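J.: Below is a structure I'd like to ask you about.
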Amino acid sequence: METDTISAISTPMGEGAIAIVRLSGPEAVEIASGIFKGKDLNEVDSHTIHYGKLVDPRTDELVEEVMVSVMRAPKTFTREDIVEINCHGGMVSVNRVLELVLGNGARMAEPGEFTKRAFMNGRIDLSQAEAVMDLIRAKTDRAMNVAMKQIDGRLSKMIQDLRQDLLQSLASVEVNIDYPEYDDVEEMTNELMLTNTKKVHAEIERLLQTAQQGKILREGLGTAIVGRPNVGKSSLMNTLVHENKAIVTDVPGTTRDVIEEYVNVRGVPLRLIDTAGIRETEDLVEKIGVERSRQVLKEADLILLVMNYGDEITEEDEKLFEIVRDLDTIIILNKTDLQKKINTERLREIAGDAPIVSTSLIKEEGIDELEDSIKDIFFEGELDTGDMTYVSNVRHIQLLNQAKSALEDAMNSMEMGMPIDLVQIDVTRTWEILGEIVGDTVGDSLIDQLFSQFCLGK
Ligand code: GDP
Ligand code: ZN
């Protein structure tokens with residue numbers, strides 16, 4: 001048990017009008033009241049906030065005007081007494097407050113130490129602690145929601161249920177070993193073991209399938225804009241970014257575009273990429289050929305293929321469609337303000353299943369429809385129900401993969417008619433691996449490693 005009182009700045013450095021210096025530990029209230037002029041913080045009710053002044057007790061010098069919240073254990077994030085000092089957001093003032101606190105009995109918190117204490121004191125489990133970390137890093141609202149749900153313990157609950165299933169069959173093996181004379185016990189044990197391992201295996205596979213989605217939520221949907229020169233790729237990029245960062249030019253093929261942009265389209269994080277000049281695809285196909293282009297474009301999660309309404313479909317276009325076949329693609333039929341020259345029937349044919357959205361980027365028309373269709377392509381199927389638990393954490397993914405292969409070992413052993421106590425070993429291993437996700441079977445060093453990744457003050 002750690003019993004000292006820790007402190008850190010718990011708001012982002014150099015941002016915002018207000019900064020918070022947080023204290024946690026048995027001395028939190030006492031330390032704060034020793035430097036606070038206002039109400040006696042030792043006497044105030046828990047979960048109340050108080051205006052006053054911070055004064056250096058050695059010099060009687062006024063340091064800051066502050067609001068101080070007092071929250072007493074156990075109904076706090078760390079389950080320890082917590083004091084939060086709200087002060088002006090500037091670097092100088094917040095650092096002075098922190099120095100004052102550290103000079104009067106608190107110790108500087110290590111990165112992630114608040115969350116670590118919450119974990120150590122049983123307030124949250126490990127996957128929840130990691131969700132806090134993801135939350136700190138979450139880039140979009142959607143990613144935020146996923147992180148929030150994980151904090152609610154959905155993943156933890158699911159993993160605990162799976163472990164319970166495994167435990168149940170392990171328990172029945174014990175019964176079987178204790179009473180080997182009953183044949184039907186053995187048969188039931190084998191059956192239960194097989195049913196449960198299959199069920200847990202399927203569930204783990206499903207969780208792993210969400211991992212890709214989780215990655216996209218945090219890193220953005222890798223999106224490539226392709227099309228012949230001058231169709232409006234840079235204009236599209238600009239429209240999506242809503243800032244004129246990419247350079248638009250009238251001369252075909254002279255675009256000098258920004259390499260990567262990150263935009264949030266209706267909750268879908270798009271990472272607009274330009275791998276090896278993907279965006280100037282005519283070069284791509286000519287230089288590196290159809291097969292290689294396909295390889296490059298495969299790296300993208302989404303392709304936006306831009307066509308010109310005022311121009312015929314060329315051989316180059318047909319090649320492009322061939323390249324993006326089987327990839328998630330949205331066709332953007334741009335320049336609808338021009339005289340129609342494109343053969344729309346033919347376009348529909350070569351587009352296959354891909355949605356076609358008409359735009360005039362110059363007149364700012366069709367952009368809502370485009371954003372809708374980006375949202376649809378991303379959230380189609382189960383994803384939009386909000387009913388899904390995403391696995392978005394690299395450590396979880398690794399452990400789930402290990403658990404999956406341990407279960408496969410168990411299933412193989414059963415198929416080969418191996419003795420049940422051999423199967424038991426693999427199932428026990430799976431149970432332990434799953435336990436590591438929720439923090440039940442981890443050693444101290446792993447915990448230290450995990451928590452040191454956290455932002456200071458969290
Ligand atoms: P890129 O070469 O594919 O990147 O195309 P650009 O975005 O650089 O656009 C080429 C030219 O087409 C520029 O002069 C744009 O202003 C123009 N353009 C883009 N969108 C439209 C549109 O919807 N209608 C018309 N008439 N011109 C457009
Ligand atoms: Zn361009």
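To be explicit about the labels: the chains of the structure tokens are called A, B, and onward in the order shown, and within each one the residues are counted from 1, while ligands get numbers from 1 in the order they are shown.
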Write out as a list of chain:residue names each polymer residue whose atoms come within 9 Å of Leu407 (chain A), counting only C-alpha atoms; drop sequence neighbours fewer than 6 positions from it.
T.: A:Thr197, A:Lys198, A:Val200, A:His201, A:Asp426, A:Val427, A:Arg429, A:Thr430
J.: Can you list, as a VMD selection string, all residues belonging to region 34-90 of chain A that DSSP tags as strand (DSSP E)?
T.: chain A and resid 36 to 37 48 to 56 61 to 71 82 to 88
J.: What separation in Å, quoted to one decimal, exists between atom 24 (N, counted along the ligand's line) of ligand 1 and CA of Val263 (chain A)?
T.: 22.6 Å
J.: Measuring atom to atom with only C-alpha atoms and all ligand atoms, identify which of A:Ser7, A:Ser234, A:Val265, A:Glu364 is nearest to ligand 2.
T.: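 Closest candidate: A:Ser234.
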J.: Grab the CA of Lys340 (chain A) to CA of Gly227 (chain A) distance for me, in Å with one decimal place.
T.: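 Between CA of Lys340 (chain A) and CA of Gly227 (chain A) the gap is 17.9 Å.
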J.: Using Å and a single decimal, report how far CA of Glu65 (chain A) sits from CA of Thr115 (chain A).
T.: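 Interatomic distance, CA of Thr115 (chain A) to CA of Glu65 (chain A): 28.0 Å.
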J.: Using only C-alpha atoms and all ligand atoms, find the one residue out of A:Lys37, A:Arg271, A:Arg163, A:Lys233 that sits nearest to ligand 2.
T.: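 Nearest to ligand 2: A:Lys233.
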J.: Which one of A:Gln160, A:Ile323, A:Leu270, A:Leu221 sits closest to Gly435 (chain A) if you count only C-alpha atoms?
T.: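 Using only C-alpha atoms, the shortest distance to Gly435 (chain A) belongs to A:Gln160.
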J.: With distances taken over only C-alpha atoms, which of A:Met307, A:Ile433, A:Glu299, A:Leu100 is nearest to Arg58 (chain A)?
T.: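 Checking each of A:Met307, A:Ile433, A:Glu299, A:Leu100 against Arg58 (chain A), counting only C-alpha atoms, the winner is A:Leu100.
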J.: Could you check which of A:Ile342, A:Val324, A:Ala28, A:Ala224 is closest to Ala300 (chain A), using only C-alpha atoms?
T.: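 So, comparing all the options, the nearest one is A:Ala224.
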J.: Of the residues A:Val306, A:Ala354, A:Met416, A:Ile367, which is the one nearest to ligand 2, using only C-alpha atoms and all ligand atoms?
T.: A:Val306
J.: Can you list, as an MDAnalysis selection string, every residue of region 65-110 of chain A that DSSP puts in alpha helix (DSSP H)?
T.: chainID A and resid 91:102
J.: Can you spit out the residues from that selection as a compact mmCIF listing (two decimals), in the first residue's frame, using N, CA and C atoms?
T.:
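As written to disk, again_28.txt reads:
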```
# COMPACT_ATOMS: atom_id res chain seq x y z
N MET A 91 1.22 28.94 -17.32
CA MET A 91 2.29 28.06 -16.88
C MET A 91 2.92 28.51 -15.56
N VAL A 92 3.15 29.82 -15.46
CA VAL A 92 3.85 30.34 -14.29
C VAL A 92 3.01 30.12 -13.03
N SER A 93 1.73 30.48 -13.14
CA SER A 93 0.91 30.42 -11.94
C SER A 93 0.66 28.98 -11.52
N VAL A 94 0.39 28.11 -12.47
CA VAL A 94 0.10 26.72 -12.10
C VAL A 94 1.35 26.03 -11.53
N ASN A 95 2.50 26.38 -12.05
CA ASN A 95 3.73 25.81 -11.51
C ASN A 95 4.03 26.30 -10.10
N ARG A 96 3.68 27.54 -9.84
CA ARG A 96 3.88 28.07 -8.48
C ARG A 96 3.00 27.32 -7.49
N VAL A 97 1.76 27.05 -7.92
CA VAL A 97 0.85 26.31 -7.03
C VAL A 97 1.40 24.91 -6.77
N LEU A 98 1.85 24.27 -7.83
CA LEU A 98 2.39 22.92 -7.67
C LEU A 98 3.61 22.93 -6.74
N GLU A 99 4.49 23.90 -6.95
CA GLU A 99 5.68 24.02 -6.10
C GLU A 99 5.30 24.19 -4.63
N LEU A 100 4.29 25.02 -4.42
CA LEU A 100 3.84 25.28 -3.06
C LEU A 100 3.34 24.00 -2.39
N VAL A 101 2.57 23.23 -3.15
CA VAL A 101 2.03 21.98 -2.63
C VAL A 101 3.16 20.99 -2.34
N LEU A 102 4.11 20.93 -3.27
CA LEU A 102 5.23 19.99 -3.10
C LEU A 102 6.13 20.42 -1.93
```
